[in-house]
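K.L.:
Okay, so here is run-v1.pdb, and as you'll see once you scroll down, it has PDB, C-alpha atoms, pLDDT in the B column.
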```
ATOM      1  CA  GLN A 218       7.774-134.544  69.551  1.00 82.00           C
ATOM      2  CA  VAL A 219       9.979-132.864  66.978  1.00 89.00           C
ATOM      3  CA  GLN A 220      11.129-134.397  63.722  1.00 93.00           C
ATOM      4  CA  LEU A 221      14.111-133.052  61.818  1.00 95.00           C
ATOM      5  CA  VAL A 222      14.801-133.871  58.180  1.00 96.00           C
ATOM      6  CA  GLU A 223      17.995-132.744  56.475  1.00 98.00           C
ATOM      7  CA  SER A 224      18.465-132.229  52.743  1.00 98.00           C
ATOM      8  CA  GLY A 225      20.845-130.577  50.311  1.00 97.00           C
ATOM      9  CA  GLY A 226      23.863-132.806  50.651  1.00 97.00           C
ATOM     10  CA  GLY A 227      25.795-134.072  47.661  1.00 97.00           C
ATOM     11  CA  LEU A 228      29.093-134.181  45.818  1.00 98.00           C
ATOM     12  CA  VAL A 229      30.984-130.936  45.195  1.00 98.00           C
ATOM     13  CA  GLN A 230      34.496-130.000  44.145  1.00 98.00           C
ATOM     14  CA  ALA A 231      36.890-128.342  46.538  1.00 98.00           C
ATOM     15  CA  GLY A 232      36.270-124.604  46.625  1.00 98.00           C
ATOM     16  CA  GLY A 233      32.606-125.047  45.807  1.00 98.00           C
ATOM     17  CA  SER A 234      29.480-124.329  47.811  1.00 98.00           C
ATOM     18  CA  LEU A 235      26.456-126.171  49.140  1.00 98.00           C
ATOM     19  CA  ARG A 236      23.417-125.216  51.171  1.00 98.00           C
ATOM     20  CA  LEU A 237      21.989-127.695  53.628  1.00 98.00           C
ATOM     21  CA  SER A 238      18.433-127.449  54.903  1.00 98.00           C
ATOM     22  CA  CYS A 239      16.751-128.958  57.932  1.00 97.00           C
ATOM     23  CA  ALA A 240      12.971-129.003  58.042  1.00 96.00           C
ATOM     24  CA  ALA A 241      11.510-129.179  61.544  1.00 93.00           C
ATOM     25  CA  SER A 242       8.035-130.446  62.291  1.00 88.00           C
ATOM     26  CA  GLY A 243       6.216-130.642  65.576  1.00 81.00           C
ATOM     27  CA  ARG A 244       6.404-128.133  68.413  1.00 73.00           C
ATOM     28  CA  ALA A 245       8.256-125.068  67.173  1.00 65.00           C
ATOM     29  CA  PHE A 246       8.947-123.849  70.692  1.00 63.00           C
ATOM     30  CA  SER A 247      11.024-126.966  71.166  1.00 66.00           C
ATOM     31  CA  ASN A 248      13.577-125.559  68.744  1.00 80.00           C
ATOM     32  CA  VAL A 249      14.975-122.738  70.838  1.00 88.00           C
ATOM     33  CA  ALA A 250      18.509-123.540  69.730  1.00 93.00           C
ATOM     34  CA  MET A 251      19.342-125.390  66.536  1.00 95.00           C
ATOM     35  CA  ALA A 252      22.660-126.735  65.406  1.00 96.00           C
ATOM     36  CA  TRP A 253      24.652-128.622  62.834  1.00 98.00           C
ATOM     37  CA  PHE A 254      27.073-131.391  63.674  1.00 98.00           C
ATOM     38  CA  ARG A 255      29.041-133.643  61.351  1.00 98.00           C
ATOM     39  CA  GLN A 256      30.611-137.072  61.531  1.00 98.00           C
ATOM     40  CA  THR A 257      33.050-139.132  59.499  1.00 97.00           C
ATOM     41  CA  PRO A 258      33.497-142.897  59.868  1.00 92.00           C
ATOM     42  CA  GLY A 259      35.481-143.863  62.921  1.00 93.00           C
ATOM     43  CA  LYS A 260      35.360-140.377  64.451  1.00 95.00           C
ATOM     44  CA  GLU A 261      33.292-138.655  67.086  1.00 95.00           C
ATOM     45  CA  ARG A 262      30.443-136.428  65.980  1.00 96.00           C
ATOM     46  CA  GLU A 263      31.841-132.915  65.645  1.00 97.00           C
ATOM     47  CA  PHE A 264      30.147-129.584  66.373  1.00 97.00           C
ATOM     48  CA  VAL A 265      29.801-127.250  63.382  1.00 98.00           C
ATOM     49  CA  ALA A 266      27.491-124.354  64.319  1.00 97.00           C
ATOM     50  CA  THR A 267      24.571-123.309  66.531  1.00 96.00           C
ATOM     51  CA  ILE A 268      21.949-120.582  66.238  1.00 95.00           C
ATOM     52  CA  MET A 269      19.439-119.306  68.802  1.00 92.00           C
ATOM     53  CA  TRP A 270      15.746-118.685  68.142  1.00 87.00           C
ATOM     54  CA  SER A 271      16.263-114.967  67.506  1.00 87.00           C
ATOM     55  CA  GLY A 272      18.873-115.675  64.886  1.00 87.00           C
ATOM     56  CA  ASP A 273      21.237-113.036  66.238  1.00 87.00           C
ATOM     57  CA  ILE A 274      23.344-115.327  68.390  1.00 91.00           C
ATOM     58  CA  THR A 275      25.473-117.915  66.640  1.00 94.00           C
ATOM     59  CA  TYR A 276      28.470-120.070  67.476  1.00 94.00           C
ATOM     60  CA  TYR A 277      30.870-121.757  65.063  1.00 96.00           C
ATOM     61  CA  SER A 278      33.669-124.234  65.328  1.00 96.00           C
ATOM     62  CA  ASP A 279      37.070-122.832  64.426  1.00 96.00           C
ATOM     63  CA  SER A 280      37.320-125.218  61.494  1.00 97.00           C
ATOM     64  CA  VAL A 281      34.358-123.646  59.660  1.00 98.00           C
ATOM     65  CA  LYS A 282      34.377-120.066  60.928  1.00 97.00           C
ATOM     66  CA  GLY A 283      34.442-117.625  58.029  1.00 97.00           C
ATOM     67  CA  ARG A 284      33.392-120.268  55.496  1.00 98.00           C
ATOM     68  CA  PHE A 285      30.053-121.555  56.808  1.00 98.00           C
ATOM     69  CA  THR A 286      26.989-119.547  57.810  1.00 98.00           C
ATOM     70  CA  ILE A 287      24.106-120.886  59.887  1.00 97.00           C
ATOM     71  CA  SER A 288      20.687-119.292  59.554  1.00 97.00           C
ATOM     72  CA  ARG A 289      17.055-120.101  60.255  1.00 94.00           C
ATOM     73  CA  ASP A 290      13.590-119.216  59.024  1.00 93.00           C
ATOM     74  CA  ASN A 291      11.269-119.602  62.008  1.00 90.00           C
ATOM     75  CA  ALA A 292       8.166-118.955  59.940  1.00 90.00           C
ATOM     76  CA  GLU A 293       9.066-121.966  57.812  1.00 91.00           C
ATOM     77  CA  ASN A 294      10.591-123.990  60.671  1.00 91.00           C
ATOM     78  CA  THR A 295      13.726-124.464  58.637  1.00 94.00           C
ATOM     79  CA  LEU A 296      17.404-124.364  59.528  1.00 96.00           C
ATOM     80  CA  PHE A 297      20.117-123.732  56.944  1.00 97.00           C
ATOM     81  CA  LEU A 298      23.848-124.186  56.641  1.00 98.00           C
ATOM     82  CA  HIS A 299      25.497-122.230  53.848  1.00 98.00           C
ATOM     83  CA  MET A 300      28.870-123.812  53.123  1.00 98.00           C
ATOM     84  CA  ASN A 301      31.443-121.962  51.019  1.00 98.00           C
ATOM     85  CA  SER A 302      35.076-122.663  50.131  1.00 98.00           C
ATOM     86  CA  LEU A 303      34.525-126.331  50.816  1.00 98.00           C
ATOM     87  CA  ARG A 304      37.516-128.549  51.503  1.00 98.00           C
ATOM     88  CA  PRO A 305      37.956-132.324  51.275  1.00 97.00           C
ATOM     89  CA  GLU A 306      38.156-132.412  55.080  1.00 97.00           C
ATOM     90  CA  ASP A 307      34.578-131.100  55.210  1.00 98.00           C
ATOM     91  CA  THR A 308      33.418-134.454  53.858  1.00 98.00           C
ATOM     92  CA  ALA A 309      31.056-135.973  56.416  1.00 98.00           C
ATOM     93  CA  VAL A 310      27.475-136.814  57.259  1.00 98.00           C
ATOM     94  CA  TYR A 311      25.879-133.591  58.490  1.00 98.00           C
ATOM     95  CA  TYR A 312      23.251-133.764  61.215  1.00 98.00           C
ATOM     96  CA  CYS A 313      20.701-131.211  62.320  1.00 97.00           C
ATOM     97  CA  ALA A 314      19.840-130.955  66.024  1.00 96.00           C
ATOM     98  CA  SER A 315      17.537-128.891  68.209  1.00 94.00           C
ATOM     99  CA  SER A 316      17.379-127.969  71.877  1.00 93.00           C
ATOM    100  CA  ARG A 317      14.367-126.929  73.950  1.00 90.00           C
ATOM    101  CA  ARG A 318      16.382-124.347  75.824  1.00 88.00           C
ATOM    102  CA  ILE A 319      18.836-121.518  75.328  1.00 87.00           C
ATOM    103  CA  VAL A 320      22.348-122.783  74.758  1.00 87.00           C
ATOM    104  CA  ARG A 321      25.217-120.573  75.849  1.00 85.00           C
ATOM    105  CA  GLY A 322      28.864-120.393  74.998  1.00 84.00           C
ATOM    106  CA  MET A 323      30.916-123.557  75.087  1.00 85.00           C
ATOM    107  CA  GLU A 324      27.936-125.802  75.837  1.00 92.00           C
ATOM    108  CA  ALA A 325      26.755-125.199  72.277  1.00 91.00           C
ATOM    109  CA  ALA A 326      29.347-127.729  71.152  1.00 93.00           C
ATOM    110  CA  SER A 327      28.057-130.449  73.456  1.00 95.00           C
ATOM    111  CA  GLN A 328      25.769-133.063  71.933  1.00 96.00           C
ATOM    112  CA  SER A 329      24.100-133.611  75.301  1.00 95.00           C
ATOM    113  CA  VAL A 330      22.263-130.252  75.257  1.00 95.00           C
ATOM    114  CA  TYR A 331      20.316-131.175  72.120  1.00 95.00           C
ATOM    115  CA  ASP A 332      17.071-133.080  72.418  1.00 94.00           C
ATOM    116  CA  TYR A 333      16.267-133.999  68.833  1.00 94.00           C
ATOM    117  CA  TRP A 334      18.370-135.148  65.894  1.00 96.00           C
ATOM    118  CA  GLY A 335      17.860-135.672  62.179  1.00 97.00           C
ATOM    119  CA  GLN A 336      18.974-138.686  60.192  1.00 97.00           C
ATOM    120  CA  GLY A 337      21.827-136.886  58.436  1.00 97.00           C
ATOM    121  CA  THR A 338      22.780-135.908  54.896  1.00 98.00           C
ATOM    122  CA  GLN A 339      26.043-136.837  53.173  1.00 98.00           C
ATOM    123  CA  VAL A 340      28.394-134.124  51.952  1.00 98.00           C
ATOM    124  CA  THR A 341      31.360-135.208  49.858  1.00 98.00           C
ATOM    125  CA  VAL A 342      34.036-132.748  48.728  1.00 98.00           C
ATOM    126  CA  SER A 343      36.404-133.969  46.033  1.00 97.00           C
ATOM    127  CA  SER A 344      39.930-132.631  45.641  1.00 93.00           C
TER
END
```
Is it possible to express this structure as structure tokens?
P.N.:
Amino acid sequence: QVQLVESGGGLVQAGGSLRLSCAASGRAFSNVAMAWFRQTPGKEREFVATIMWSGDITYYSDSVKGRFTISRDNAENTLFLHMNSLRPEDTAVYYCASSRRIVRGMEAASQSVYDYWGQGTQVTVSS
């Protein structure tokens, strides 16, 4: 069993930055691919970014590409999301997820490929 715990959310002004963290416990080999999703009230959960175990393969949604960077520290079992140039439309609850297998291409954006989820951390961007 894998447990994921997000942290680092908060209130920030537009144009500011935040770094989210996701601490993973349990079987490290279960976290082959790790991802961030986000959700606002009344909307579907939205894909943000995915990173493979090696760290050299990443995928981003078009809405965050160039502003957000996903990274991981396997020695510390921690996933990060560095968010720059934040916009009010980035306001959401951000969730960490992990998959026990390699995730390729467009399937990275599908919630169904991820086996474990965190409880979420709120990010609010004021205008």
K.L.:
Can you tell me how far CA of Ser288 in chain A sits from CA of Pro258 in chain A, in Å to one decimal?
P.N.:
26.9 Å
K.L.:
Smallest atom-to-atom distance to Arg255 in chain A: which of A:Gly226, A:Gly322, A:Gly283, A:Gly337, using all atoms listed in the file?
P.N.:
A:Gly337
K.L.:
Please list as a list of chain:residue names every residue within 9 Å of Val222 in chain A, counting only C-alpha atoms and excluding residues in the same chain fewer than 3 positions away.
P.N.:
A:Ser238, A:Cys239, A:Ala240, A:Ala241, A:Ser242, A:Tyr312, A:Cys313, A:Trp334, A:Gly335, A:Gln336, A:Gly337, A:Thr338
K.L.:
Which residue out of A:Ile274, A:Ala292, A:Ala309, A:Val229 has the minimum interatomic distance to Gly259 in chain A when all atoms listed in the file are used?
P.N.:
A:Ala309
K.L.:
List as a list of chain:residue names the protein and nucleic acid residues near Asn291 in chain A, meaning an atom at most 12 Å away when only C-alpha atoms are counted, but skip any in the same chain fewer than 5 places from it.
P.N.:
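Here the qualifying residues turn out to be A:Cys239, A:Ala240, A:Ala241, A:Ser242, A:Arg244, A:Ala245, A:Phe246, A:Ser247, A:Asn248, A:Val249, A:Ala250, A:Met251, A:Ile268, A:Met269, A:Trp270, A:Ser271, A:Gly272, A:Leu296, A:Phe297.
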K.L.:
Write to file, as a JSON list (two decimals), in the frame of the given file, the residues of the selection just made, with C-alpha atoms.
P.N.:
```json
[["chain", "number", "residue", "atom", "x", "y", "z"],
["A", 239, "CYS", "CA", 16.75, -128.96, 57.93],
["A", 240, "ALA", "CA", 12.97, -129.00, 58.04],
["A", 241, "ALA", "CA", 11.51, -129.18, 61.54],
["A", 242, "SER", "CA", 8.04, -130.45, 62.29],
["A", 244, "ARG", "CA", 6.40, -128.13, 68.41],
["A", 245, "ALA", "CA", 8.26, -125.07, 67.17],
["A", 246, "PHE", "CA", 8.95, -123.85, 70.69],
["A", 247, "SER", "CA", 11.02, -126.97, 71.17],
["A", 248, "ASN", "CA", 13.58, -125.56, 68.74],
["A", 249, "VAL", "CA", 14.98, -122.74, 70.84],
["A", 250, "ALA", "CA", 18.51, -123.54, 69.73],
["A", 251, "MET", "CA", 19.34, -125.39, 66.54],
["A", 268, "ILE", "CA", 21.95, -120.58, 66.24],
["A", 269, "MET", "CA", 19.44, -119.31, 68.80],
["A", 270, "TRP", "CA", 15.75, -118.68, 68.14],
["A", 271, "SER", "CA", 16.26, -114.97, 67.51],
["A", 272, "GLY", "CA", 18.87, -115.68, 64.89],
["A", 296, "LEU", "CA", 17.40, -124.36, 59.53],
["A", 297, "PHE", "CA", 20.12, -123.73, 56.94]]
```
K.L.:
Give me the result of the PyMOL selection byres ((chain A and resi 257) around 10) on this file, residue by residue, as a list in words.
P.N.:
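When the PyMOL selection byres ((chain A and resi 257) around 10) is applied, the selected residues are Arg255, Gln256, Pro258, Gly259, Lys260, Glu261, Arg262, Glu263, Glu306, Asp307, Thr308, Ala309, Val310, Tyr311 and Gln339 of chain A.
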K.L.:
Selection in question (the file shown): the PyMOL selection byres ((chain A and resi 278-280) around 10). Which residues does it include, as a PDB file with C-alpha atoms, keeping the file's coordinate frame?
P.N.:
```
ATOM      1  CA  PHE A 254      27.073-131.391  63.674  1.00 98.00           C
ATOM      2  CA  GLU A 263      31.841-132.915  65.645  1.00 97.00           C
ATOM      3  CA  PHE A 264      30.147-129.584  66.373  1.00 97.00           C
ATOM      4  CA  VAL A 265      29.801-127.250  63.382  1.00 98.00           C
ATOM      5  CA  ALA A 266      27.491-124.354  64.319  1.00 97.00           C
ATOM      6  CA  THR A 267      24.571-123.309  66.531  1.00 96.00           C
ATOM      7  CA  TYR A 276      28.470-120.070  67.476  1.00 94.00           C
ATOM      8  CA  TYR A 277      30.870-121.757  65.063  1.00 96.00           C
ATOM      9  CA  VAL A 281      34.358-123.646  59.660  1.00 98.00           C
ATOM     10  CA  LYS A 282      34.377-120.066  60.928  1.00 97.00           C
ATOM     11  CA  GLY A 283      34.442-117.625  58.029  1.00 97.00           C
ATOM     12  CA  ARG A 284      33.392-120.268  55.496  1.00 98.00           C
ATOM     13  CA  PHE A 285      30.053-121.555  56.808  1.00 98.00           C
ATOM     14  CA  GLU A 306      38.156-132.412  55.080  1.00 97.00           C
ATOM     15  CA  ASP A 307      34.578-131.100  55.210  1.00 98.00           C
ATOM     16  CA  ALA A 325      26.755-125.199  72.277  1.00 91.00           C
ATOM     17  CA  ALA A 326      29.347-127.729  71.152  1.00 93.00           C
TER      18      ALA A 326
END
```
K.L.:
Check the smallest atom-to-atom distance from each of A:Ala252, A:Val340, A:Met300, A:Ala314 to Leu228 in chain A using all atoms listed in the file, then report the winner.
P.N.:
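Comparing A:Ala252, A:Val340, A:Met300, A:Ala314 against Leu228 in chain A, the winner is A:Val340.
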K.L.:
Could you write out as JSON the box around range 276-288 of chain A (axis-aligned, all atoms listed in the file, 3 Å on each side), with centre and edge lengths in Å to one decimal?
P.N.:
```
{"center_x": 29.0, "center_y": -121.4, "center_z": 61.5, "size_x": 22.6, "size_y": 13.6, "size_z": 18.0}
```
K.L.:
From the set A:Trp253, A:Asp273, A:Gly225, A:Arg236, which residue has the shortest atom-to-atom contact distance to Ser327 in chain A, counting only C-alpha atoms?
P.N.:
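Comparing A:Trp253, A:Asp273, A:Gly225, A:Arg236 against Ser327 in chain A, the winner is A:Trp253.
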K.L.:
In Å, with one decimal, what is the gap from CA of Arg304 in chain A to CA of Gly227 in chain A?
P.N.:
13.5 Å
K.L.:
With distances taken over all atoms listed in the file, which of A:Pro305, A:Leu235, A:Thr275, A:Gln230 is nearest to Met323 in chain A?
P.N.:
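Of A:Pro305, A:Leu235, A:Thr275, A:Gln230, the one nearest Met323 in chain A is A:Thr275, counting all atoms listed in the file.
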K.L.:
Could you work out how far CA of Leu237 in chain A lies from CA of Arg317 in chain A, giving the answer in Å with one decimal?
P.N.:
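Distance between the two atoms: 21.7 Å.
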K.L.:
Under the rule that all atoms listed in the file are counted, which of A:Asn301, A:Gln328, A:Ser316, A:Ser344 is the nearest residue to Ile287 in chain A?
P.N.:
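Result for the nearest residue to Ile287 in chain A: A:Asn301.
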